[in-house]
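*Asks:* This one is data17.txt, compact mmCIF, N, CA, C and O atoms.
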```txt
# COMPACT_ATOMS: atom_id res chain seq x y z
N MET O 132 0.85 -1.17 0.00
CA MET O 132 0.00 0.00 0.00
C MET O 132 0.89 1.24 0.00
O MET O 132 1.93 1.26 0.63
N ALA O 133 0.46 2.22 -0.72
CA ALA O 133 1.29 3.41 -0.90
C ALA O 133 0.53 4.67 -0.55
O ALA O 133 -0.70 4.68 -0.50
N GLU O 134 1.29 5.71 -0.32
CA GLU O 134 0.71 7.03 -0.07
C GLU O 134 -0.25 7.38 -1.20
O GLU O 134 0.07 7.23 -2.36
N GLY O 135 -1.44 7.81 -0.84
CA GLY O 135 -2.43 8.20 -1.83
C GLY O 135 -3.44 7.14 -2.18
O GLY O 135 -4.44 7.43 -2.83
N ASP O 136 -3.21 5.87 -1.76
CA ASP O 136 -4.19 4.83 -2.01
C ASP O 136 -5.48 5.13 -1.28
O ASP O 136 -5.48 5.78 -0.22
N VAL O 137 -6.60 4.67 -1.81
CA VAL O 137 -7.91 4.89 -1.20
C VAL O 137 -8.28 3.65 -0.39
O VAL O 137 -8.25 2.53 -0.91
N HIS O 138 -8.63 3.83 0.87
CA HIS O 138 -9.02 2.74 1.76
C HIS O 138 -10.50 2.86 2.12
O HIS O 138 -10.96 3.93 2.51
N THR O 139 -11.22 1.74 1.98
CA THR O 139 -12.61 1.66 2.43
C THR O 139 -12.59 0.82 3.70
O THR O 139 -12.07 -0.30 3.71
N TYR O 140 -13.15 1.35 4.78
CA TYR O 140 -13.08 0.69 6.08
C TYR O 140 -14.31 1.02 6.92
O TYR O 140 -15.05 1.95 6.63
N PHE O 141 -14.51 0.25 7.98
CA PHE O 141 -15.66 0.43 8.87
C PHE O 141 -15.19 1.03 10.18
O PHE O 141 -14.23 0.55 10.78
N GLU O 142 -15.86 2.12 10.61
CA GLU O 142 -15.48 2.79 11.85
C GLU O 142 -16.68 3.54 12.40
O GLU O 142 -17.39 4.21 11.64
N ASP O 143 -16.91 3.43 13.67
CA ASP O 143 -17.98 4.16 14.35
C ASP O 143 -19.35 3.95 13.71
O ASP O 143 -20.14 4.88 13.57
N GLY O 144 -19.62 2.72 13.29
CA GLY O 144 -20.92 2.39 12.74
C GLY O 144 -21.16 2.84 11.30
O GLY O 144 -22.28 2.76 10.81
N GLN O 145 -20.11 3.29 10.63
CA GLN O 145 -20.23 3.74 9.25
C GLN O 145 -19.09 3.20 8.41
O GLN O 145 -17.98 2.96 8.91
N TRP O 146 -19.36 3.03 7.12
CA TRP O 146 -18.31 2.70 6.16
C TRP O 146 -17.73 4.01 5.65
O TRP O 146 -18.47 4.95 5.38
N LYS O 147 -16.42 4.06 5.56
CA LYS O 147 -15.74 5.31 5.21
C LYS O 147 -14.68 5.06 4.14
O LYS O 147 -14.17 3.95 4.00
N ASN O 148 -14.33 6.11 3.44
CA ASN O 148 -13.21 6.12 2.50
C ASN O 148 -12.24 7.20 2.93
O ASN O 148 -12.65 8.30 3.30
N ARG O 149 -10.97 6.84 2.89
CA ARG O 149 -9.92 7.81 3.24
C ARG O 149 -8.73 7.57 2.33
O ARG O 149 -8.37 6.44 2.03
N VAL O 150 -8.12 8.66 1.90
CA VAL O 150 -6.89 8.58 1.12
C VAL O 150 -5.75 8.36 2.10
O VAL O 150 -5.63 9.08 3.10
N GLU O 151 -4.92 7.35 1.82
CA GLU O 151 -3.80 7.04 2.71
C GLU O 151 -2.90 8.27 2.84
O GLU O 151 -2.55 8.90 1.85
N GLY O 152 -2.57 8.59 4.08
CA GLY O 152 -1.80 9.79 4.37
C GLY O 152 -2.69 10.94 4.81
O GLY O 152 -2.23 11.90 5.40
N GLY O 153 -3.99 10.81 4.55
CA GLY O 153 -4.95 11.83 4.96
C GLY O 153 -5.40 11.60 6.39
O GLY O 153 -5.26 10.51 6.94
N VAL O 154 -5.99 12.61 6.98
CA VAL O 154 -6.41 12.54 8.38
C VAL O 154 -7.89 12.18 8.50
O VAL O 154 -8.27 11.40 9.36
N ARG O 155 -8.71 12.72 7.59
CA ARG O 155 -10.16 12.54 7.69
C ARG O 155 -10.68 11.70 6.54
O ARG O 155 -10.08 11.63 5.47
N ALA O 156 -11.83 11.10 6.78
CA ALA O 156 -12.51 10.35 5.72
C ALA O 156 -13.00 11.32 4.65
O ALA O 156 -13.47 12.41 4.94
N SER O 157 -12.88 10.91 3.40
CA SER O 157 -13.35 11.75 2.30
C SER O 157 -14.86 11.63 2.12
O SER O 157 -15.49 12.55 1.61
N ASN O 158 -15.43 10.48 2.51
CA ASN O 158 -16.88 10.32 2.50
C ASN O 158 -17.26 9.16 3.42
O ASN O 158 -16.42 8.35 3.80
N THR O 159 -18.54 9.11 3.78
CA THR O 159 -19.05 8.06 4.66
C THR O 159 -20.37 7.54 4.11
O THR O 159 -21.04 8.20 3.32
N SER O 160 -20.73 6.32 4.54
CA SER O 160 -21.99 5.71 4.13
C SER O 160 -22.43 4.71 5.19
O SER O 160 -21.60 4.08 5.84
N LEU O 161 -23.71 4.55 5.32
CA LEU O 161 -24.23 3.52 6.21
C LEU O 161 -24.15 2.14 5.56
O LEU O 161 -24.21 1.12 6.24
N HIS O 162 -23.98 2.12 4.24
CA HIS O 162 -23.99 0.87 3.49
C HIS O 162 -22.63 0.60 2.87
O HIS O 162 -22.06 1.47 2.18
N ARG O 163 -22.13 -0.62 3.09
CA ARG O 163 -20.82 -1.02 2.57
C ARG O 163 -20.74 -0.86 1.06
O ARG O 163 -19.76 -0.33 0.53
N VAL O 164 -21.75 -1.34 0.36
CA VAL O 164 -21.71 -1.32 -1.10
C VAL O 164 -21.56 0.10 -1.64
O VAL O 164 -20.81 0.33 -2.60
N ASP O 165 -22.21 1.07 -1.03
CA ASP O 165 -22.09 2.46 -1.46
C ASP O 165 -20.68 2.99 -1.24
O ASP O 165 -20.13 3.70 -2.07
N ALA O 166 -20.11 2.65 -0.09
CA ALA O 166 -18.75 3.11 0.22
C ALA O 166 -17.74 2.46 -0.72
O ALA O 166 -16.80 3.12 -1.18
N VAL O 167 -17.91 1.18 -1.02
CA VAL O 167 -16.99 0.49 -1.92
C VAL O 167 -17.05 1.11 -3.31
O VAL O 167 -16.02 1.36 -3.94
N LEU O 168 -18.25 1.38 -3.80
CA LEU O 168 -18.37 2.00 -5.13
C LEU O 168 -17.74 3.39 -5.16
O LEU O 168 -17.04 3.74 -6.12
N ALA O 169 -17.96 4.19 -4.12
CA ALA O 169 -17.36 5.52 -4.05
C ALA O 169 -15.84 5.44 -3.96
O ALA O 169 -15.12 6.22 -4.60
N GLY O 170 -15.34 4.48 -3.18
CA GLY O 170 -13.90 4.30 -3.06
C GLY O 170 -13.26 3.87 -4.36
O GLY O 170 -12.19 4.35 -4.74
N ARG O 171 -13.92 2.95 -5.07
CA ARG O 171 -13.41 2.50 -6.37
C ARG O 171 -13.35 3.66 -7.36
O ARG O 171 -12.37 3.84 -8.07
N GLN O 172 -14.40 4.45 -7.39
CA GLN O 172 -14.45 5.60 -8.29
C GLN O 172 -13.32 6.59 -7.97
O GLN O 172 -12.65 7.10 -8.87
N ALA O 173 -13.10 6.85 -6.69
CA ALA O 173 -12.04 7.77 -6.28
C ALA O 173 -10.67 7.22 -6.65
O ALA O 173 -9.80 7.97 -7.12
N ALA O 174 -10.45 5.93 -6.45
CA ALA O 174 -9.16 5.32 -6.78
C ALA O 174 -8.90 5.36 -8.28
O ALA O 174 -7.79 5.64 -8.72
N LYS O 175 -9.94 5.09 -9.08
CA LYS O 175 -9.78 5.16 -10.54
C LYS O 175 -9.42 6.57 -10.97
O LYS O 175 -8.53 6.77 -11.79
N LYS O 176 -10.11 7.56 -10.40
CA LYS O 176 -9.86 8.96 -10.76
C LYS O 176 -8.45 9.38 -10.37
O LYS O 176 -7.77 10.07 -11.13
N ARG O 177 -7.99 8.94 -9.19
CA ARG O 177 -6.65 9.29 -8.70
C ARG O 177 -5.55 8.41 -9.29
O ARG O 177 -4.38 8.68 -9.12
N ARG O 178 -5.97 7.29 -9.95
CA ARG O 178 -5.03 6.32 -10.53
C ARG O 178 -4.12 5.72 -9.47
O ARG O 178 -2.90 5.72 -9.60
N VAL O 179 -4.76 5.22 -8.41
CA VAL O 179 -4.06 4.58 -7.29
C VAL O 179 -4.76 3.26 -6.98
O VAL O 179 -5.70 2.87 -7.66
N SER O 180 -4.35 2.58 -5.93
CA SER O 180 -5.00 1.34 -5.51
C SER O 180 -6.20 1.63 -4.62
O SER O 180 -6.21 2.62 -3.88
N HIS O 181 -7.18 0.72 -4.68
CA HIS O 181 -8.34 0.77 -3.78
C HIS O 181 -8.23 -0.44 -2.86
O HIS O 181 -8.26 -1.58 -3.32
N VAL O 182 -8.10 -0.18 -1.58
CA VAL O 182 -7.95 -1.24 -0.57
C VAL O 182 -9.24 -1.31 0.24
O VAL O 182 -9.66 -0.32 0.84
N ILE O 183 -9.86 -2.49 0.25
CA ILE O 183 -11.10 -2.69 0.99
C ILE O 183 -10.80 -3.52 2.23
O ILE O 183 -10.20 -4.60 2.14
N HIS O 184 -11.22 -3.01 3.38
CA HIS O 184 -11.02 -3.69 4.66
C HIS O 184 -12.35 -4.28 5.13
O HIS O 184 -13.42 -3.73 4.82
N ASP O 185 -12.27 -5.38 5.90
CA ASP O 185 -13.50 -5.93 6.47
C ASP O 185 -13.84 -5.17 7.76
O ASP O 185 -13.13 -4.22 8.13
N CYS O 186 -14.90 -5.59 8.43
CA CYS O 186 -15.35 -4.88 9.65
C CYS O 186 -14.29 -4.86 10.74
O CYS O 186 -14.29 -3.95 11.58
N ASP O 187 -13.40 -5.86 10.75
CA ASP O 187 -12.37 -5.93 11.78
C ASP O 187 -11.08 -5.21 11.39
O ASP O 187 -10.13 -5.19 12.16
N GLY O 188 -11.05 -4.65 10.19
CA GLY O 188 -9.88 -3.89 9.76
C GLY O 188 -8.89 -4.65 8.90
O GLY O 188 -7.95 -4.06 8.38
N ALA O 189 -9.08 -5.97 8.74
CA ALA O 189 -8.17 -6.75 7.92
C ALA O 189 -8.40 -6.44 6.44
O ALA O 189 -9.53 -6.15 6.03
N VAL O 190 -7.35 -6.49 5.64
CA VAL O 190 -7.48 -6.23 4.21
C VAL O 190 -8.23 -7.39 3.57
O VAL O 190 -7.83 -8.54 3.68
N GLU O 191 -9.32 -7.06 2.92
CA GLU O 191 -10.16 -8.05 2.25
C GLU O 191 -9.76 -8.18 0.78
O GLU O 191 -9.69 -9.28 0.25
N SER O 192 -9.50 -7.04 0.13
CA SER O 192 -9.07 -7.07 -1.27
C SER O 192 -8.39 -5.76 -1.63
O SER O 192 -8.53 -4.76 -0.93
N GLU O 193 -7.65 -5.81 -2.73
CA GLU O 193 -6.97 -4.62 -3.22
C GLU O 193 -6.99 -4.66 -4.74
O GLU O 193 -6.71 -5.68 -5.34
N LYS O 194 -7.34 -3.55 -5.35
CA LYS O 194 -7.38 -3.42 -6.81
C LYS O 194 -6.52 -2.24 -7.21
O LYS O 194 -6.69 -1.13 -6.69
N ASN O 195 -5.60 -2.48 -8.13
CA ASN O 195 -4.67 -1.45 -8.56
C ASN O 195 -5.19 -0.75 -9.81
O ASN O 195 -5.49 -1.40 -10.81
N PHE O 196 -5.30 0.56 -9.75
CA PHE O 196 -5.72 1.36 -10.90
C PHE O 196 -4.59 2.24 -11.43
O PHE O 196 -4.84 3.18 -12.19
N ARG O 197 -3.35 1.93 -11.01
CA ARG O 197 -2.21 2.69 -11.52
C ARG O 197 -1.96 2.32 -12.98
O ARG O 197 -2.15 1.17 -13.37
N PRO O 198 -1.50 3.29 -13.76
CA PRO O 198 -1.18 2.96 -15.17
C PRO O 198 0.00 2.01 -15.23
O PRO O 198 0.92 2.08 -14.41
N ARG O 199 -0.07 1.11 -16.18
CA ARG O 199 1.04 0.16 -16.37
C ARG O 199 2.16 0.86 -17.10
O ARG O 199 1.94 1.65 -18.02
N THR O 200 3.37 0.54 -16.69
CA THR O 200 4.54 1.08 -17.38
C THR O 200 5.13 -0.04 -18.23
O THR O 200 5.18 -1.19 -17.79
N SER O 201 5.57 0.31 -19.41
CA SER O 201 6.15 -0.71 -20.29
C SER O 201 7.64 -0.82 -20.02
O SER O 201 8.34 0.18 -19.90
N ALA O 202 8.10 -2.05 -19.92
CA ALA O 202 9.53 -2.31 -19.71
C ALA O 202 10.18 -2.44 -21.09
O ALA O 202 9.75 -3.22 -21.92
N ARG O 203 11.20 -1.67 -21.32
CA ARG O 203 11.89 -1.73 -22.61
C ARG O 203 13.30 -2.12 -22.44
O ARG O 203 13.97 -1.88 -21.57
```
Just dump the structure as structure tokens.

*Replies:*
Amino acid sequence: MAEGDVHTYFEDGQWKNRVEGGVRASNTSLHRVDAVLAGRQAAKKRRVSHVIHDCDGAVESEKNFRPRTSAR
């Protein structure tokens, strides 16, 4: 995981998205599916990874939206 990645996690009874390195959640939702979709959209726009955590904080999945670099 790198600086700038978007994390979807559960805290204080809400699902939240936060950019790694940031202090506050960028958005919140009562529903996991809404938070995951918002986090995915943010990660795609920022061209970073989207890391989804389960209710206990463990990493459930990670999807990389960084551009691929060609090796020459």

*Asks:* Chain O: which residues are strand (DSSP E or B) by DSSP, as a PyMOL selection string?

*Replies:* chain O and resi 137-142+145-150+158-160+180-184+190-195

*Asks:* Rounded to one decimal, what separation in Å do you get between CA of Ser160 (chain O) and CA of Gln145 (chain O)?

*Replies:*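 Distance reported for this atom pair: 5.8 Å.
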
*Asks:* Apply DSSP to the structure's backbone, then extract all residues of chain O labelled helix (DSSP H, G or I) and return them as a list in words.

*Replies:*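 Of chain O, only Arg163, Val164, Asp165, Ala166, Val167, Leu168, Ala169, Gly170, Arg171, Gln172, Ala173, Ala174, Lys175, Lys176 and Arg177 of chain O fall in helix (DSSP H, G or I).
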
*Asks:* Rounded to one decimal in Å, what is the spacing between atom O of Asn195 (chain O) and atom O of Arg171 (chain O)?

*Replies:*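 A separation of 9.1 Å between them.
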
*Asks:* Between O:Gly153, O:His138, O:Leu161, O:Leu168, which is the closest to Gly188 (chain O) once you count only C-alpha atoms?

*Replies:* O:His138

*Asks:* Any idea what the distance is between CA of Ser180 (chain O) and CA of Gly144 (chain O)?

*Replies:* 24.2 Å

*Asks:* Taking only C-alpha atoms into account, which of O:Ala189, O:Phe196, O:Thr139, O:Arg177 comes nearest Asp165 (chain O)?

*Replies:*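 Closest to Asp165 (chain O), using only C-alpha atoms: O:Thr139.
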
*Asks:* Nearest to Ala174 (chain O) among O:Arg155, O:Ser201, O:Lys194, O:His162, with distances taken over all atoms listed in the file: which residue is it?

*Replies:* O:Lys194

*Asks:* Using only C-alpha atoms, which of the listed residues (O:Ser157, O:Asp187, O:Arg163, O:Arg197) sits closest to Lys175 (chain O)?

*Replies:*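 Of all the options, O:Arg197 lies closest to Lys175 (chain O).
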
*Asks:* Mind checking which residues fall within 5 Å of Val150 (chain O), counting all atoms listed in the file, ignoring those fewer than 5 positions away in the same chain, and posting them as a list in words?

*Replies:* Gly135, Asp136, Val137 and His138 of chain O

*Asks:* Might I get the box with edges along x, y and z of the file that holds all atoms of region 193-203 of chain O listed there, padded by 6 Å on every side, given as centre and edge lengths in Å to one decimal, as lines of an AutoDock Vina configuration file?

*Replies:*
```
center_x = 3.2
center_y = -1.3
center_z = -12.7
size_x = 33.6
size_y = 21.1
size_z = 31.9
```

*Asks:* Skip Glu191 (chain O) itself and residues of its chain fewer than 6 positions away, then list as a list in words all residues within 12 Å of it, counting only C-alpha atoms.

*Replies:*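 Contacts, with the query itself left out: His138, Thr139, Tyr140, Val167, His181, Val182, Ile183, His184 and Asp185 of chain O.
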